[in-house]
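Listing of entry_27.cif; format and content: mmCIF, C-alpha atoms.
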```cif
data_model
#
loop_
_atom_site.label_atom_id
_atom_site.label_comp_id
_atom_site.auth_asym_id
_atom_site.auth_seq_id
_atom_site.Cartn_x
_atom_site.Cartn_y
_atom_site.Cartn_z
CA MET A 1 12.05 -0.50 -6.05
CA GLU A 2 14.38 -1.75 -8.73
CA VAL A 3 12.47 -2.56 -11.89
CA SER A 4 15.31 -3.24 -14.26
CA HIS A 5 17.05 -6.56 -13.80
CA ARG A 6 19.55 -6.21 -16.57
CA SER A 7 22.95 -4.70 -16.07
CA PRO A 8 23.85 -2.05 -18.68
CA ALA A 9 26.64 -4.25 -20.01
CA ARG A 10 24.26 -7.10 -20.68
CA ARG A 11 21.58 -4.85 -22.08
CA ALA A 12 23.86 -3.72 -24.89
CA ASP A 13 23.96 -7.17 -26.46
CA ALA A 14 20.45 -8.08 -25.34
CA GLY A 15 18.71 -5.71 -27.73
CA ARG A 16 16.74 -8.49 -29.40
CA THR A 17 16.74 -11.28 -26.89
CA PRO A 18 13.58 -13.40 -26.67
CA ALA A 19 12.48 -11.26 -23.71
CA GLY A 20 12.72 -8.21 -25.95
CA GLY A 21 14.90 -6.19 -23.61
CA SER A 22 13.93 -4.49 -20.40
CA SER A 23 11.00 -2.53 -21.78
CA ARG A 24 8.96 -5.71 -22.23
CA GLY A 25 9.83 -6.66 -18.69
CA LEU A 26 8.67 -3.27 -17.48
CA ALA A 27 5.43 -3.52 -19.45
CA ARG A 28 4.73 -7.02 -18.11
CA ILE A 29 5.33 -5.91 -14.53
CA ALA A 30 2.94 -2.98 -15.03
CA ILE A 31 0.24 -5.05 -16.75
CA PHE A 32 0.44 -7.78 -14.11
CA ALA A 33 0.02 -5.19 -11.35
CA ALA A 34 -3.11 -4.07 -13.22
CA LEU A 35 -4.27 -7.71 -13.48
CA ILE A 36 -4.02 -8.12 -9.70
CA ALA A 37 -6.18 -5.00 -9.36
CA VAL A 38 -8.75 -6.20 -11.90
CA MET A 39 -9.01 -9.57 -10.15
CA GLY A 40 -9.97 -7.69 -6.99
CA LEU A 41 -12.49 -5.49 -8.80
CA ALA A 42 -14.23 -8.61 -10.11
CA GLY A 43 -15.52 -9.08 -6.56
CA PRO A 44 -15.70 -12.04 -4.22
CA ILE A 45 -16.98 -15.36 -5.56
CA PRO A 46 -19.16 -17.57 -3.36
CA VAL A 47 -18.05 -21.19 -3.60
CA PRO A 48 -20.29 -24.04 -2.46
CA VAL A 49 -19.16 -25.94 0.68
CA ILE A 50 -16.47 -23.32 1.48
CA PRO A 51 -17.48 -20.97 4.33
CA VAL A 52 -15.98 -17.69 3.05
CA PRO A 53 -16.28 -16.34 -0.50
CA ILE A 54 -12.95 -16.25 -2.33
CA THR A 55 -11.42 -13.23 -4.02
CA LEU A 56 -9.19 -13.80 -6.99
CA GLN A 57 -6.58 -11.27 -5.86
CA THR A 58 -4.21 -13.85 -4.34
CA LEU A 59 -4.67 -15.92 -7.50
CA GLY A 60 -3.14 -12.90 -9.24
CA VAL A 61 -0.19 -12.98 -6.83
CA MET A 62 0.36 -16.72 -7.45
CA LEU A 63 0.19 -16.19 -11.22
CA ALA A 64 2.59 -13.23 -11.07
CA GLY A 65 5.23 -15.47 -9.51
CA ALA A 66 4.54 -18.46 -11.75
CA VAL A 67 4.42 -16.55 -15.04
CA LEU A 68 6.79 -13.61 -14.52
CA GLY A 69 9.27 -15.44 -12.29
CA PRO A 70 10.36 -14.33 -8.80
CA TRP A 71 11.86 -10.88 -9.50
CA ARG A 72 9.48 -9.46 -12.06
CA GLY A 73 6.64 -10.98 -10.04
CA LEU A 74 7.99 -9.13 -7.01
CA GLY A 75 8.04 -5.94 -9.07
CA ALA A 76 4.36 -6.40 -9.98
CA VAL A 77 3.30 -6.95 -6.36
CA LEU A 78 5.36 -4.00 -5.05
CA LEU A 79 3.97 -1.76 -7.79
CA PHE A 80 0.41 -2.82 -6.98
CA GLU A 81 0.87 -2.27 -3.25
CA ALA A 82 2.53 1.10 -3.78
CA LEU A 83 -0.52 2.26 -5.73
CA VAL A 84 -2.80 0.98 -2.94
CA ALA A 85 -0.75 2.82 -0.30
CA LEU A 86 -0.89 6.01 -2.35
CA GLY A 87 -4.68 5.93 -2.05
CA LEU A 88 -6.14 3.98 -4.95
CA PRO A 89 -9.04 1.65 -4.07
CA LEU A 90 -7.53 -1.39 -5.80
CA LEU A 91 -7.96 -4.04 -3.09
CA SER A 92 -10.98 -6.33 -3.36
CA GLY A 93 -14.12 -4.60 -2.15
CA GLY A 94 -12.76 -1.22 -3.22
CA ARG A 95 -10.47 -0.90 -0.22
CA GLY A 96 -7.23 1.05 -0.39
CA GLY A 97 -5.17 3.76 1.21
CA ILE A 98 -2.86 3.64 4.20
CA GLY A 99 -5.71 2.08 6.22
CA ALA A 100 -5.09 -1.21 4.45
CA PHE A 101 -1.54 -1.31 5.82
CA VAL A 102 -2.57 -0.82 9.46
CA ALA A 103 -5.66 -3.07 9.36
CA PRO A 104 -5.59 -6.62 10.83
CA SER A 105 -5.04 -8.02 7.33
CA ALA A 106 -1.95 -5.84 6.70
CA GLY A 107 0.38 -8.79 7.30
CA PHE A 108 -1.24 -10.70 4.46
CA LEU A 109 -0.43 -7.81 2.11
CA LEU A 110 3.18 -7.92 3.32
CA GLY A 111 3.06 -11.70 2.94
CA TRP A 112 2.31 -11.29 -0.78
CA ILE A 113 5.79 -9.78 -1.16
CA LEU A 114 7.49 -12.89 0.23
CA GLY A 115 4.90 -15.20 -1.34
CA VAL A 116 5.36 -14.08 -4.93
CA VAL A 117 9.14 -14.60 -4.69
CA VAL A 118 8.70 -18.11 -3.23
CA VAL A 119 6.18 -19.04 -5.96
CA GLY A 120 8.53 -17.78 -8.65
CA LEU A 121 11.62 -19.51 -7.24
CA ILE A 122 9.84 -22.88 -6.95
CA VAL A 123 8.08 -22.77 -10.33
CA ARG A 124 11.21 -21.53 -12.12
CA ALA A 125 13.52 -24.00 -10.33
CA GLY A 126 13.21 -26.47 -13.20
CA GLY A 127 13.65 -23.93 -16.00
CA ARG A 128 11.22 -21.67 -17.85
CA ARG A 129 8.75 -24.42 -18.63
CA PRO A 130 6.28 -24.72 -15.72
CA GLY A 131 5.26 -28.16 -14.50
CA TRP A 132 1.89 -29.11 -13.01
CA TRP A 133 3.24 -30.31 -9.69
CA SER A 134 5.89 -27.66 -9.26
CA THR A 135 3.28 -24.97 -9.90
CA VAL A 136 0.83 -26.46 -7.38
CA LEU A 137 3.70 -26.82 -4.88
CA GLY A 138 4.87 -23.26 -5.52
CA ALA A 139 1.34 -21.87 -5.15
CA VAL A 140 0.77 -23.78 -1.89
CA LEU A 141 4.15 -22.91 -0.31
CA GLY A 142 4.43 -19.36 -1.67
CA GLY A 143 0.84 -18.35 -2.30
CA ILE A 144 -0.53 -19.82 0.93
CA ALA A 145 2.14 -20.87 3.49
CA ALA A 146 4.45 -17.86 3.06
CA ILE A 147 1.52 -15.42 3.12
CA TYR A 148 0.01 -16.99 6.26
CA LEU A 149 3.48 -17.06 7.85
CA ILE A 150 3.53 -13.25 7.89
CA GLY A 151 -0.20 -12.58 7.87
CA ILE A 152 -1.25 -14.55 10.95
CA PRO A 153 1.37 -13.17 13.41
CA VAL A 154 0.69 -9.59 12.26
CA GLN A 155 -3.06 -10.10 12.60
CA SER A 156 -2.52 -11.54 16.08
CA LEU A 157 -0.36 -8.52 16.96
CA VAL A 158 -2.87 -5.97 15.63
CA THR A 159 -5.96 -7.57 17.14
CA GLY A 160 -4.46 -8.75 20.43
CA LEU A 161 -5.95 -12.20 19.89
CA GLY A 162 -3.56 -15.07 20.60
CA LEU A 163 -1.48 -16.59 17.82
CA ARG A 164 -3.15 -19.99 18.05
CA GLU A 165 -6.68 -18.54 18.00
CA THR A 166 -5.83 -16.28 15.04
CA ALA A 167 -4.38 -19.22 13.14
CA LEU A 168 -7.51 -21.22 13.90
CA ALA A 169 -9.76 -18.42 12.62
CA SER A 170 -7.63 -18.07 9.46
CA MET A 171 -8.28 -21.72 8.61
CA ALA A 172 -11.65 -20.56 7.25
CA PHE A 173 -9.74 -19.19 4.24
CA LEU A 174 -7.63 -22.29 3.66
CA PRO A 175 -10.09 -24.26 1.47
CA GLY A 176 -10.59 -21.27 -0.83
CA ASP A 177 -6.84 -20.71 -1.04
CA LEU A 178 -6.28 -24.38 -1.94
CA VAL A 179 -8.84 -24.02 -4.74
CA LYS A 180 -6.87 -20.99 -5.96
CA ALA A 181 -3.57 -22.89 -5.86
CA VAL A 182 -5.00 -25.60 -8.14
CA LEU A 183 -6.56 -22.91 -10.32
CA ALA A 184 -3.21 -21.10 -10.54
CA ALA A 185 -1.54 -24.29 -11.78
CA ALA A 186 -4.30 -24.93 -14.31
CA VAL A 187 -4.12 -21.38 -15.66
CA THR A 188 -0.31 -21.43 -15.75
CA MET A 189 -0.25 -24.69 -17.73
CA GLY A 190 -2.99 -23.37 -20.02
CA LEU A 191 -1.01 -20.19 -20.60
CA TRP A 192 2.08 -22.24 -21.43
CA ARG A 193 0.09 -23.91 -24.22
CA ALA A 194 -1.73 -20.76 -25.39
CA TYR A 195 1.06 -18.17 -25.17
CA PRO A 196 4.45 -19.67 -24.30
CA ARG A 197 6.15 -16.35 -25.04
CA ALA A 198 4.74 -15.07 -21.76
CA PHE A 199 7.31 -17.18 -19.90
CA GLU A 200 10.34 -15.90 -21.81
CA MET B 1 -9.16 5.53 -12.25
CA ILE B 2 -10.77 7.23 -9.27
CA SER B 3 -8.66 7.86 -6.20
CA LEU B 4 -10.05 8.05 -2.67
CA TYR B 5 -8.91 11.66 -2.22
CA LEU B 6 -11.59 14.27 -1.51
CA PRO B 7 -10.54 17.87 -2.11
CA GLY B 8 -11.06 20.39 0.69
CA HIS B 9 -9.52 23.26 2.62
CA SER B 10 -9.65 21.97 6.20
CA LEU B 11 -6.76 22.08 8.64
CA VAL B 12 -6.14 18.39 7.97
CA HIS B 13 -6.06 18.98 4.21
CA ARG B 14 -3.46 21.73 4.59
CA ALA B 15 -1.20 19.87 7.03
CA PRO B 16 1.95 18.43 5.45
CA THR B 17 1.73 14.71 4.66
CA GLY B 18 4.74 13.89 6.83
CA ALA B 19 3.09 15.51 9.87
CA LYS B 20 -0.12 13.57 9.25
CA LEU B 21 1.74 10.27 9.02
CA ALA B 22 3.67 11.07 12.21
CA ALA B 23 0.40 11.91 14.02
CA LEU B 24 -1.08 8.60 12.87
CA ALA B 25 1.95 6.69 14.13
CA ILE B 26 1.80 8.42 17.54
CA LEU B 27 -1.96 7.91 17.95
CA ALA B 28 -1.75 4.26 16.86
CA LEU B 29 1.05 3.65 19.34
CA ALA B 30 -0.83 5.40 22.15
CA LEU B 31 -3.99 3.39 21.46
CA SER B 32 -2.13 0.09 21.40
CA LEU B 33 -0.28 0.87 24.64
CA ALA B 34 -3.47 1.97 26.42
CA PRO B 35 -4.81 -0.73 28.80
CA ALA B 36 -7.97 -2.58 27.81
CA SER B 37 -10.85 -0.71 29.39
CA TRP B 38 -14.16 0.90 28.48
CA TRP B 39 -12.36 4.30 28.62
CA THR B 40 -10.00 3.16 25.89
CA CYS B 41 -13.02 2.00 23.91
CA LEU B 42 -14.51 5.47 24.23
CA ALA B 43 -11.25 7.07 23.06
CA CYS B 44 -11.22 4.72 20.08
CA LEU B 45 -14.63 6.04 19.08
CA VAL B 46 -14.02 9.73 19.81
CA LEU B 47 -10.61 10.08 18.15
CA PRO B 48 -11.59 9.09 14.59
CA LEU B 49 -14.85 11.06 14.88
CA ALA B 50 -12.87 14.13 15.89
CA ALA B 51 -10.40 13.58 13.05
CA PHE B 52 -13.20 13.25 10.49
CA ALA B 53 -14.91 16.37 11.84
CA LEU B 54 -11.64 18.31 11.81
CA ALA B 55 -11.04 17.22 8.20
CA GLY B 56 -14.55 18.34 7.22
CA LEU B 57 -15.43 14.81 6.05
CA GLY B 58 -19.19 14.39 6.40
CA PRO B 59 -21.14 11.49 7.93
CA ARG B 60 -21.69 10.01 4.47
CA ILE B 61 -17.95 9.47 3.99
CA LEU B 62 -17.69 8.06 7.50
CA LEU B 63 -20.49 5.61 6.76
CA ARG B 64 -18.83 4.56 3.52
CA GLU B 65 -15.56 3.86 5.37
CA LEU B 66 -17.47 1.98 8.07
CA ARG B 67 -19.21 -0.17 5.49
CA ARG B 68 -15.83 -1.17 4.04
CA VAL B 69 -14.55 -2.45 7.39
CA CYS B 70 -17.79 -3.66 8.99
CA LEU B 71 -17.49 -7.29 7.81
CA ILE B 72 -13.90 -7.57 9.00
CA LEU B 73 -14.86 -5.96 12.32
CA LEU B 74 -17.78 -8.33 12.78
CA PHE B 75 -15.55 -11.32 12.07
CA LEU B 76 -12.99 -9.90 14.50
CA ALA B 77 -15.56 -9.19 17.24
CA VAL B 78 -17.08 -12.67 17.01
CA THR B 79 -13.75 -14.54 17.10
CA GLN B 80 -12.52 -12.32 19.96
CA LEU B 81 -15.70 -12.86 21.99
CA ILE B 82 -15.27 -16.62 21.68
CA PHE B 83 -11.78 -16.53 23.20
CA LEU B 84 -11.58 -13.35 25.32
CA ALA B 85 -13.45 -11.35 27.98
CA PRO B 86 -15.91 -8.72 26.66
CA VAL B 87 -13.79 -5.68 27.66
CA LEU B 88 -10.72 -7.12 25.95
CA ALA B 89 -12.68 -8.08 22.84
CA ALA B 90 -14.30 -4.64 22.61
CA THR B 91 -11.01 -2.77 23.12
CA ASN B 92 -9.17 -4.86 20.54
CA THR B 93 -11.94 -4.51 17.97
CA LEU B 94 -12.45 -0.76 18.45
CA ARG B 95 -8.69 -0.15 18.46
CA VAL B 96 -8.52 -1.65 14.98
CA LEU B 97 -11.49 0.45 13.88
CA ALA B 98 -9.89 3.64 15.23
CA VAL B 99 -6.50 3.10 13.58
CA VAL B 100 -8.03 2.18 10.21
CA LEU B 101 -10.36 5.21 10.28
CA LEU B 102 -7.51 7.55 11.25
CA ALA B 103 -5.40 6.18 8.40
CA GLN B 104 -8.26 6.61 5.96
CA CYS B 105 -8.64 10.18 7.17
CA ILE B 106 -5.13 10.80 5.76
CA THR B 107 -5.92 9.00 2.51
CA ARG B 108 -9.09 11.06 2.07
CA THR B 109 -7.36 14.39 2.66
CA THR B 110 -4.06 13.88 0.84
CA PRO B 111 -4.11 14.56 -2.89
CA VAL B 112 -2.75 11.81 -5.09
CA GLU B 113 -3.72 13.33 -8.42
CA GLY B 114 -0.06 13.67 -9.20
CA ILE B 115 0.35 10.10 -8.01
CA VAL B 116 3.14 9.36 -10.44
CA GLY B 117 4.92 12.58 -9.53
CA THR B 118 4.49 11.85 -5.83
CA ALA B 119 6.00 8.40 -6.22
CA GLU B 120 8.92 9.74 -8.25
CA ARG B 121 9.54 12.43 -5.63
CA LEU B 122 9.39 9.87 -2.81
CA LEU B 123 11.92 7.64 -4.56
CA ARG B 124 14.36 10.38 -5.55
CA PRO B 125 16.50 10.03 -2.38
CA PHE B 126 17.01 6.35 -3.26
CA ARG B 127 18.52 7.15 -6.64
CA ARG B 128 21.98 6.82 -5.15
CA LEU B 129 21.15 3.23 -4.15
CA GLY B 130 20.35 2.35 -7.76
CA ALA B 131 16.61 3.08 -7.83
CA ARG B 132 15.32 4.67 -11.02
CA PRO B 133 12.31 6.81 -10.07
CA GLU B 134 11.40 7.63 -13.67
CA ARG B 135 11.03 3.94 -14.51
CA VAL B 136 8.84 3.40 -11.46
CA GLY B 137 6.75 6.41 -12.50
CA LEU B 138 6.43 5.01 -16.01
CA ALA B 139 5.37 1.60 -14.65
CA MET B 140 2.76 3.27 -12.41
CA ALA B 141 1.33 5.28 -15.29
CA LEU B 142 1.15 2.08 -17.40
CA THR B 143 -0.61 0.18 -14.59
CA LEU B 144 -3.16 2.92 -14.01
CA SER B 145 -4.11 3.08 -17.66
CA ALA B 146 -4.18 -0.72 -17.89
CA VAL B 147 -6.59 -1.13 -14.95
CA GLY B 148 -9.33 0.64 -16.91
CA GLN B 149 -8.56 -1.19 -20.15
CA LEU B 150 -8.36 -4.64 -18.56
CA GLY B 151 -11.58 -4.04 -16.64
CA GLU B 152 -13.25 -3.45 -19.98
CA VAL B 153 -11.64 -6.60 -21.45
CA VAL B 154 -12.94 -8.67 -18.50
CA ARG B 155 -16.48 -7.36 -19.11
CA GLN B 156 -16.27 -8.21 -22.81
CA VAL B 157 -14.92 -11.73 -22.24
CA ARG B 158 -17.58 -12.45 -19.60
CA ASP B 159 -20.34 -11.15 -21.87
CA ALA B 160 -19.05 -13.25 -24.76
CA GLN B 161 -18.96 -16.36 -22.58
CA ARG B 162 -22.44 -15.68 -21.23
CA SER B 163 -23.91 -15.08 -24.68
CA ARG B 164 -22.78 -18.54 -25.75
CA GLY B 165 -25.17 -19.83 -23.16
CA VAL B 166 -22.66 -22.09 -21.46
CA ARG B 167 -22.63 -22.01 -17.68
CA LEU B 168 -18.98 -21.55 -16.86
CA ALA B 169 -17.10 -21.32 -13.60
CA PRO B 170 -17.01 -17.74 -12.22
CA TRP B 171 -13.27 -17.62 -12.93
CA ALA B 172 -13.46 -18.87 -16.52
CA TRP B 173 -12.55 -15.39 -17.77
CA VAL B 174 -9.12 -15.46 -16.11
CA MET B 175 -7.39 -17.49 -18.82
CA PRO B 176 -8.46 -15.48 -21.91
CA VAL B 177 -7.91 -12.18 -20.10
CA LEU B 178 -4.42 -13.31 -19.09
CA VAL B 179 -3.46 -14.17 -22.67
CA LEU B 180 -4.92 -10.92 -24.02
CA SER B 181 -3.24 -8.76 -21.39
CA LEU B 182 0.20 -10.40 -21.72
CA ARG B 183 -0.01 -9.96 -25.47
CA HIS B 184 -0.95 -6.33 -24.81
CA ALA B 185 2.03 -6.03 -22.46
CA ASP B 186 4.39 -7.23 -25.19
CA ASP B 187 2.93 -4.67 -27.63
CA VAL B 188 3.37 -1.93 -25.03
CA GLY B 189 6.95 -3.07 -24.41
CA ASP B 190 7.75 -2.98 -28.11
CA ALA B 191 6.14 0.45 -28.43
CA LEU B 192 8.25 1.74 -25.51
CA GLU B 193 11.38 0.34 -27.07
CA ALA B 194 10.55 1.85 -30.46
CA ARG B 195 10.21 5.27 -28.80
CA GLY B 196 13.41 4.84 -26.84
CA LEU B 197 11.53 4.89 -23.52
CA GLY B 198 12.51 1.39 -22.47
CA ASP B 199 15.77 2.11 -20.72
#
```
Rendering of file as structure tokens:
Amino acid sequence: MEVSHRSPARRADAGRTPAGGSSRGLARIAIFAALIAVMGLAGPIPVPVIPVPITLQTLGVMLAGAVLGPWRGLGAVLLFEALVALGLPLLSGGRGGIGAFVAPSAGFLLGWILGVVVVGLIVRAGGRRPGWWSTVLGAVLGGIAAIYLIGIPVQSLVTGLGLRETALASMAFLPGDLVKAVLAAAVTMGLWRAYPRAFE
Amino acid sequence: MISLYLPGHSLVHRAPTGAKLAALAILALALSLAPASWWTCLACLVLPLAAFALAGLGPRILLRELRRVCLILLFLAVTQLIFLAPVLAATNTLRVLAVVLLAQCITRTTPVEGIVGTAERLLRPFRRLGARPERVGLAMALTLSAVGQLGEVVRQVRDAQRSRGVRLAPWAWVMPVLVLSLRHADDVGDALEARGLGD
């Protein structure tokens, strides 16, 4: 896992760049990994009309990509998942350990890794300033489509249930995930107004 | 931050981590290659029970692990029963249960107290490829301390919102917590830089 994204040559003259050098990047990656954990600890939220309660953990993944950009966002997700694999109960519902990476939902955890990069690439495509529509698009393509793309085949493989049936069963989570994508855009735009430095 | 590790002196506790992971891989492979039958179902129940007994993990721990997976298993069993024959559905569901329980048996018996040290040790061979284990260790230590702090911040923000008597959406705390924690991250980053720990 490469945390530093600055070559030594660039770092020499980057001592007081807006991003504040690589230590701020490192701290943001670490704090965002903690945020993803805290969003899981907050527990599932029942939403009217939607069949399954939503957890905010994937909202954390979407926000990591949108706010930190693709590579630091990737760092936050990898860091979070490494801590889970090492045995900390940081997944929603207090789950954790190697069991999480062999369970039917393991593919969704792996999907976060691709998802956060896709979110970051789309949201950052038009520069540092996030836009409403690009953030919604990024959250839907990265935070939902990319995660399902890996999650559903792995779940089908682990459970032995056909791909089509697994995909059909996963649709129960789609409404909640769409709510989260809109929420991610709203929070990202709000953060841009409240603390624009976060996007530097 | 509490880890899932439970100290003990059983055979499973003393076995090297690499051996435990290899055993898990072999058992998982064997279970997934086994044909769907009631015999396989039985093996899926006996194997994790034997592993838990061998590791000296009591029925209370087993129940706690079962409670964590029971909703997922129920969901799995119901969707499988809709589409597949009972034997197939039972084998698939119990296979998942067995592999998850076996994996958790490793998590429960492998110490992670030196979690940062463990991670740094695991990454050391990758140093030649440009990985910097000490930075990863630093990031892990920062995350672990931040989980506790941010949990406390979330409680405070939620209490403050509730005491104003406004009924807010259950995710209304996300925005203020995000601003507070990113500001905190920048302070931490500056503190690291000031101490020469940033690079």
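Interatomic distance, atom CA of Thr135 of chain A to atom CA of Phe32 of chain A: 17.9 Å.
When only C-alpha atoms are used to measure the gap to chain B, the shortest distance among A:Gly65, A:Gly97, A:Gly142, A:Gly60 belongs to A:Gly97.
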- [ ] Could you tell me how far atom CA of Phe101 of chain A lies from atom CA of Ala185 of chain B, in Å and to one decimal?
- [x] 28.9 Å
- [ ] Determine the residue membership of the PyMOL selection byres ((chain A) within 8 of (chain B)) for the file above and supply it as an NGL selection string.
- [x] :A and (1-3 or 20 or 22-31 or 33-35 or 37-38 or 45 or 79 or 83 or 86-89 or 93-100 or 102-104 or 158-161 or 165 or 169 or 187 or 190-191 or 194-195 or 198)
Apply the PyMOL selection byres ((chain A and resi 58) around 12) to the displayed file and report the matching residues as a PDB file with C-alpha atoms, in the frame of the given file.
```pdb
ATOM      1  CA  ALA A  33       0.020  -5.190 -11.350  1.00  0.00           C
ATOM      2  CA  LEU A  35      -4.270  -7.710 -13.480  1.00  0.00           C
ATOM      3  CA  ILE A  36      -4.020  -8.120  -9.700  1.00  0.00           C
ATOM      4  CA  ALA A  37      -6.180  -5.000  -9.360  1.00  0.00           C
ATOM      5  CA  VAL A  38      -8.750  -6.200 -11.900  1.00  0.00           C
ATOM      6  CA  MET A  39      -9.010  -9.570 -10.150  1.00  0.00           C
ATOM      7  CA  GLY A  40      -9.970  -7.690  -6.990  1.00  0.00           C
ATOM      8  CA  PRO A  44     -15.700 -12.040  -4.220  1.00  0.00           C
ATOM      9  CA  ILE A  54     -12.950 -16.250  -2.330  1.00  0.00           C
ATOM     10  CA  THR A  55     -11.420 -13.230  -4.020  1.00  0.00           C
ATOM     11  CA  LEU A  56      -9.190 -13.800  -6.990  1.00  0.00           C
ATOM     12  CA  GLN A  57      -6.580 -11.270  -5.860  1.00  0.00           C
ATOM     13  CA  LEU A  59      -4.670 -15.920  -7.500  1.00  0.00           C
ATOM     14  CA  GLY A  60      -3.140 -12.900  -9.240  1.00  0.00           C
ATOM     15  CA  VAL A  61      -0.190 -12.980  -6.830  1.00  0.00           C
ATOM     16  CA  MET A  62       0.360 -16.720  -7.450  1.00  0.00           C
ATOM     17  CA  LEU A  63       0.190 -16.190 -11.220  1.00  0.00           C
ATOM     18  CA  ALA A  64       2.590 -13.230 -11.070  1.00  0.00           C
ATOM     19  CA  GLY A  65       5.230 -15.470  -9.510  1.00  0.00           C
ATOM     20  CA  VAL A  77       3.300  -6.950  -6.360  1.00  0.00           C
ATOM     21  CA  LEU A  91      -7.960  -4.040  -3.090  1.00  0.00           C
ATOM     22  CA  SER A  92     -10.980  -6.330  -3.360  1.00  0.00           C
ATOM     23  CA  PHE A 108      -1.240 -10.700   4.460  1.00  0.00           C
ATOM     24  CA  LEU A 109      -0.430  -7.810   2.110  1.00  0.00           C
ATOM     25  CA  GLY A 111       3.060 -11.700   2.940  1.00  0.00           C
ATOM     26  CA  TRP A 112       2.310 -11.290  -0.780  1.00  0.00           C
ATOM     27  CA  ILE A 113       5.790  -9.780  -1.160  1.00  0.00           C
ATOM     28  CA  GLY A 115       4.900 -15.200  -1.340  1.00  0.00           C
ATOM     29  CA  VAL A 116       5.360 -14.080  -4.930  1.00  0.00           C
ATOM     30  CA  VAL A 119       6.180 -19.040  -5.960  1.00  0.00           C
ATOM     31  CA  ALA A 139       1.340 -21.870  -5.150  1.00  0.00           C
ATOM     32  CA  VAL A 140       0.770 -23.780  -1.890  1.00  0.00           C
ATOM     33  CA  GLY A 142       4.430 -19.360  -1.670  1.00  0.00           C
ATOM     34  CA  GLY A 143       0.840 -18.350  -2.300  1.00  0.00           C
ATOM     35  CA  ILE A 144      -0.530 -19.820   0.930  1.00  0.00           C
ATOM     36  CA  ILE A 147       1.520 -15.420   3.120  1.00  0.00           C
ATOM     37  CA  TYR A 148       0.010 -16.990   6.260  1.00  0.00           C
ATOM     38  CA  PHE A 173      -9.740 -19.190   4.240  1.00  0.00           C
ATOM     39  CA  GLY A 176     -10.590 -21.270  -0.830  1.00  0.00           C
ATOM     40  CA  ASP A 177      -6.840 -20.710  -1.040  1.00  0.00           C
ATOM     41  CA  LEU A 178      -6.280 -24.380  -1.940  1.00  0.00           C
ATOM     42  CA  VAL A 179      -8.840 -24.020  -4.740  1.00  0.00           C
ATOM     43  CA  LYS A 180      -6.870 -20.990  -5.960  1.00  0.00           C
ATOM     44  CA  ALA A 181      -3.570 -22.890  -5.860  1.00  0.00           C
ATOM     45  CA  LEU A 183      -6.560 -22.910 -10.320  1.00  0.00           C
ATOM     46  CA  ALA A 184      -3.210 -21.100 -10.540  1.00  0.00           C
TER      47      ALA A 184
END
```
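Across the model, the gap from atom CA of Glu81 of chain A to atom CA of Ser105 of chain A is 13.4 Å.
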Open item on the list: I'd like to see the residues matched by the PyMOL selection byres ((chain B and resi 40) around 10) on this file, and ideally I'd get them as a ChimeraX atom specification.
Closed with: /B:31-32,34-39,41-46,87,90-92,94-95
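Remark: for Pro153 of chain A, the closest of the candidate residues A:Phe199, A:Gly107, A:Leu41, A:Trp71 is A:Gly107 (distances computed over all atoms listed in the file).
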